[in-house]
file my_file32.pdb (PDB, C-alpha atoms and all ligand atoms)
ATOM      1  CA  MET A   9     203.283  18.847 102.941  1.00  0.00           C
ATOM      2  CA  ARG A  10     199.979  20.625 102.532  1.00  0.00           C
ATOM      3  CA  THR A  11     198.375  21.952 105.680  1.00  0.00           C
ATOM      4  CA  SER A  12     194.685  21.426 106.194  1.00  0.00           C
ATOM      5  CA  ASN A  13     192.143  23.892 104.868  1.00  0.00           C
ATOM      6  CA  LEU A  14     191.001  24.699 108.359  1.00  0.00           C
ATOM      7  CA  ARG A  15     194.507  25.739 109.372  1.00  0.00           C
ATOM      8  CA  MET A  16     194.383  28.814 107.186  1.00  0.00           C
ATOM      9  CA  THR A  17     191.316  30.366 108.815  1.00  0.00           C
ATOM     10  CA  VAL A  18     192.658  29.422 112.233  1.00  0.00           C
ATOM     11  CA  ILE A  19     195.833  31.384 111.519  1.00  0.00           C
ATOM     12  CA  LEU A  20     193.858  34.435 110.428  1.00  0.00           C
ATOM     13  CA  ALA A  21     191.601  34.148 113.472  1.00  0.00           C
ATOM     14  CA  ARG A  22     194.646  34.048 115.749  1.00  0.00           C
ATOM     15  CA  CYS A  23     195.943  37.276 114.232  1.00  0.00           C
ATOM     16  CA  GLN A  24     192.555  38.918 114.768  1.00  0.00           C
ATOM     17  CA  LYS A  25     192.481  37.721 118.346  1.00  0.00           C
ATOM     18  CA  ARG A  26     195.724  39.567 119.006  1.00  0.00           C
ATOM     19  CA  GLY A  27     194.279  42.687 117.471  1.00  0.00           C
ATOM     20  CA  VAL A  28     196.478  42.498 114.398  1.00  0.00           C
ATOM     21  CA  SER A  29     194.954  43.290 111.040  1.00  0.00           C
ATOM     22  CA  LEU A  30     196.467  42.099 107.795  1.00  0.00           C
ATOM     23  CA  SER A  31     196.603  44.052 104.576  1.00  0.00           C
ATOM     24  CA  PRO A  32     198.529  43.743 101.339  1.00  0.00           C
ATOM     25  CA  GLY A  33     201.884  45.475 101.576  1.00  0.00           C
ATOM     26  CA  GLU A  34     204.372  46.463  98.923  1.00  0.00           C
ATOM     27  CA  GLN A  35     205.833  43.919  96.517  1.00  0.00           C
ATOM     28  CA  GLY A  36     203.677  40.986  97.534  1.00  0.00           C
ATOM     29  CA  THR A  37     204.217  41.266 101.246  1.00  0.00           C
ATOM     30  CA  ILE A  38     201.706  41.134 104.071  1.00  0.00           C
ATOM     31  CA  ARG A  39     201.517  44.222 106.189  1.00  0.00           C
ATOM     32  CA  LEU A  40     200.709  43.694 109.869  1.00  0.00           C
ATOM     33  CA  THR A  41     198.998  46.472 111.813  1.00  0.00           C
ATOM     34  CA  PRO A  42     200.223  47.097 114.432  1.00  0.00           C
ATOM     35  CA  PRO A  43     203.604  45.532 113.732  1.00  0.00           C
ATOM     36  CA  GLY A  44     205.671  43.662 116.286  1.00  0.00           C
ATOM     37  CA  VAL A  45     202.731  42.028 118.054  1.00  0.00           C
ATOM     38  CA  LEU A  46     202.664  38.546 116.579  1.00  0.00           C
ATOM     39  CA  PRO A  47     204.924  35.829 117.963  1.00  0.00           C
ATOM     40  CA  SER A  48     207.469  34.506 115.503  1.00  0.00           C
ATOM     41  CA  HIS A  49     205.778  31.132 115.056  1.00  0.00           C
ATOM     42  CA  LEU A  50     202.622  32.877 113.889  1.00  0.00           C
ATOM     43  CA  LYS A  51     204.624  35.047 111.513  1.00  0.00           C
ATOM     44  CA  GLU A  52     206.206  31.933 110.088  1.00  0.00           C
ATOM     45  CA  LEU A  53     202.778  30.457 109.466  1.00  0.00           C
ATOM     46  CA  LEU A  54     201.709  33.642 107.704  1.00  0.00           C
ATOM     47  CA  THR A  55     204.783  33.481 105.518  1.00  0.00           C
ATOM     48  CA  ALA A  56     204.103  29.848 104.696  1.00  0.00           C
ATOM     49  CA  HIS A  57     200.556  30.748 103.595  1.00  0.00           C
ATOM     50  CA  LYS A  58     201.446  34.076 102.042  1.00  0.00           C
ATOM     51  CA  ALA A  59     200.291  33.244  98.533  1.00  0.00           C
ATOM     52  CA  ASP A  60     196.861  32.138  99.752  1.00  0.00           C
ATOM     53  CA  ILE A  61     196.471  35.107 102.078  1.00  0.00           C
ATOM     54  CA  LEU A  62     197.310  37.545  99.300  1.00  0.00           C
ATOM     55  CA  LYS A  63     194.736  35.838  97.084  1.00  0.00           C
ATOM     56  CA  LEU A  64     192.097  36.478  99.736  1.00  0.00           C
ATOM     57  CA  PHE A  65     193.097  40.151  99.895  1.00  0.00           C
ATOM     58  CA  THR A  66     192.678  40.675  96.190  1.00  0.00           C
ATOM     59  CA  ALA A  67     189.379  38.786  95.814  1.00  0.00           C
ATOM     60  CA  PRO A  68     186.088  40.695  96.044  1.00  0.00           C
ATOM     61  CA  PRO A  69     184.804  41.067  99.615  1.00  0.00           C
ATOM     62  CA  ALA A  70     182.163  38.778 101.079  1.00  0.00           C
ATOM     63  CA  ASP A  71     178.514  39.585 100.319  1.00  0.00           C
ATOM     64  CA  PHE A  72     177.456  38.591 103.788  1.00  0.00           C
ATOM     65  CA  LEU A  73     178.471  36.527 106.799  1.00  0.00           C
ATOM     66  CA  SER A  74     176.859  33.168 107.308  1.00  0.00           C
ATOM     67  CA  GLU A  75     175.397  32.109 110.628  1.00  0.00           C
ATOM     68  CA  ALA A  76     177.408  28.909 110.588  1.00  0.00           C
ATOM     69  CA  PRO A  77     181.071  28.406 109.724  1.00  0.00           C
ATOM     70  CA  CYS A  78     182.015  26.621 106.539  1.00  0.00           C
ATOM     71  CA  THR A  79     182.465  22.913 107.138  1.00  0.00           C
ATOM     72  CA  THR A  80     185.532  22.887 104.913  1.00  0.00           C
ATOM     73  CA  CYS A  81     187.546  25.896 106.030  1.00  0.00           C
ATOM     74  CA  GLY A  82     185.708  27.389 109.021  1.00  0.00           C
ATOM     75  CA  SER A  83     185.099  30.768 107.367  1.00  0.00           C
ATOM     76  CA  TRP A  84     181.914  32.787 107.827  1.00  0.00           C
ATOM     77  CA  GLU A  85     182.361  34.758 104.625  1.00  0.00           C
ATOM     78  CA  ARG A  86     179.905  34.001 101.841  1.00  0.00           C
ATOM     79  CA  TRP A  87     179.211  35.095  98.323  1.00  0.00           C
ATOM     80  CA  SER A  88     175.690  35.100  96.895  1.00  0.00           C
ATOM     81  CA  TRP A  89     176.175  33.328  93.583  1.00  0.00           C
ATOM     82  CA  LEU A  90     174.203  34.183  90.458  1.00  0.00           C
ATOM     83  CA  ASP A  91     172.042  31.086  90.771  1.00  0.00           C
ATOM     84  CA  GLY A  92     171.077  31.925  94.340  1.00  0.00           C
ATOM     85  CA  ARG A  93     173.492  29.602  96.044  1.00  0.00           C
ATOM     86  CA  GLU A  94     175.539  30.725  99.016  1.00  0.00           C
ATOM     87  CA  LEU A  95     179.158  29.883  98.449  1.00  0.00           C
ATOM     88  CA  CYS A  96     182.061  30.080 100.832  1.00  0.00           C
ATOM     89  CA  ARG A  97     184.334  32.905  99.733  1.00  0.00           C
ATOM     90  CA  VAL A  98     187.494  31.391 101.170  1.00  0.00           C
ATOM     91  CA  CYS A  99     186.849  27.988  99.619  1.00  0.00           C
ATOM     92  CA  LEU A 100     186.219  29.518  96.203  1.00  0.00           C
ATOM     93  CA  VAL A 101     189.180  31.869  96.275  1.00  0.00           C
ATOM     94  CA  LEU A 102     191.589  29.210  97.465  1.00  0.00           C
ATOM     95  CA  ASP A 103     189.996  26.436  95.447  1.00  0.00           C
ATOM     96  CA  PHE A 104     189.290  24.260  98.458  1.00  0.00           C
ATOM     97  CA  ALA A 105     185.947  23.080  97.187  1.00  0.00           C
ATOM     98  CA  PRO A 106     184.950  22.693  93.554  1.00  0.00           C
ATOM     99  CA  MET A 107     181.672  24.465  92.893  1.00  0.00           C
ATOM    100  CA  THR A 108     179.859  21.327  91.890  1.00  0.00           C
ATOM    101  CA  LEU A 109     180.582  18.714  94.497  1.00  0.00           C
ATOM    102  CA  ARG A 110     183.009  18.595  97.305  1.00  0.00           C
ATOM    103  CA  HIS A 111     184.978  15.412  97.632  1.00  0.00           C
ATOM    104  CA  ASP A 112     185.934  14.553 101.130  1.00  0.00           C
ATOM    105  CA  ALA A 113     189.411  13.144 101.407  1.00  0.00           C
ATOM    106  CA  ALA A 114     189.285   9.385 101.487  1.00  0.00           C
TER     107      ALA A 114
HETATM  108 ZN    ZN A 201     184.995  27.396 103.152  1.00  0.00          ZN
END
call {"tool": "encode", "arguments": {"input": "my_file32.pdb", "output": "structure tokens"}}
result
Amino acid sequence: MRTSNLRMTVILARCQKRGVSLSPGEQGTIRLTPPGVLPSHLKELLTAHKADILKLFTAPPADFLSEAPCTTCGSWERWSWLDGRELCRVCLVLDFAPMTLRHDAA
């Protein structure tokens, strides 16, 4: 079962709320700073989304933060594309929304 796109940013926001920052650890792990703060259910969610989270770590950082959250994933992070468009970093990195047209699930 695939969780919704929004879920991912919600998980990251919950970690931030608890003052926990995520960074890439050794051998494809996620390092939590400080450790031991997150409840186990949140850790399980992080593990379930590990591949996506690591992709976000390794992608170039956002060019700027939008004033409104992305309607697809809820992220504020944006890239200024070559043609002047503002594209959601999270959606592009995780392939949520094709660059041309987004198809809403029927
Ligand atoms: Zn997005």
call {"tool": "closest_residue", "arguments": {"input": "my_file32.pdb", "among": "A:Met16, A:Val45, A:Ile38, A:Leu50", "to": "ligand ZN 201 (chain A)", "atoms": "all atoms listed in the file"}}
result
A:Met16
call {"tool": "closest_residue", "arguments": {"input": "my_file32.pdb", "among": "A:Val18, A:Ala59, A:Thr79, A:Lys25", "to": "Thr37 in chain A", "atoms": "all atoms listed in the file"}}
result
A:Ala59
call {"tool": "residues_around", "arguments": {"input": "my_file32.pdb", "residues": "Pro42 in chain A", "least_positions_apart": "5", "cutoff": "12 Å", "atoms": "only C-alpha atoms", "output": "NGL selection string"}}
result
:A and (23-24 or 26-31)
call {"tool": "resolve_selection", "arguments": {"input": "my_file32.pdb", "expression": "the PyMOL selection byres (((chain A and resi 81) around 10) and not hetatm)", "output": "list of chain:residue names"}}
result
A:Ser12, A:Asn13, A:Leu14, A:Arg15, A:Met16, A:Thr17, A:Val18, A:Pro77, A:Cys78, A:Thr79, A:Thr80, A:Gly82, A:Ser83, A:Trp84, A:Cys96, A:Arg97, A:Val98, A:Cys99, A:Phe104, A:Ala105
call {"tool": "axis_aligned_box", "arguments": {"input": "my_file32.pdb", "around": "range 40-47 of chain A", "padding_each_side": "8 Å", "output": "lines of an AutoDock Vina configuration file"}}
result
center_x = 202.3
center_y = 41.5
center_z = 114.0
size_x = 22.7
size_y = 27.3
size_z = 24.2
call {"tool": "resolve_selection", "arguments": {"input": "my_file32.pdb", "expression": "the PyMOL selection byres (((chain A and resi 67) around 12) and not hetatm)", "output": "ChimeraX atom specification"}}
result
/A:32,60-66,68-71,85,87,97-102
call {"tool": "closest_residue", "arguments": {"input": "my_file32.pdb", "among": "A:Ser88, A:His49, A:Glu94, A:Gly36", "to": "Ala76 in chain A", "atoms": "only C-alpha atoms"}}
result
A:Glu94
call {"tool": "closest_residue", "arguments": {"input": "my_file32.pdb", "among": "A:Arg93, A:Glu34, A:Ile19, A:Leu73", "to": "Glu52 in chain A", "atoms": "only C-alpha atoms"}}
result
A:Ile19
call {"tool": "closest_residue", "arguments": {"input": "my_file32.pdb", "among": "A:Asp91, A:Arg22, A:Ser74, A:Lys58", "to": "ligand ZN 201 (chain A)", "atoms": "all atoms listed in the file"}}
result
A:Ser74
call {"tool": "atom_distance", "arguments": {"input": "my_file32.pdb", "atom1": "CA of Asp103 in chain A", "atom2": "CA of Leu40 in chain A"}}
result
24.9 Å
call {"tool": "closest_residue", "arguments": {"input": "my_file32.pdb", "among": "A:Gly92, A:Ala21, A:Leu53, A:Arg86", "to": "ligand ZN 201 (chain A)", "atoms": "all atoms listed in the file"}}
result
A:Arg86
call {"tool": "atom_distance", "arguments": {"input": "my_file32.pdb", "atom1": "CA of Leu20 in chain A", "atom2": "CA of Leu54 in chain A"}}
result
8.3 Å
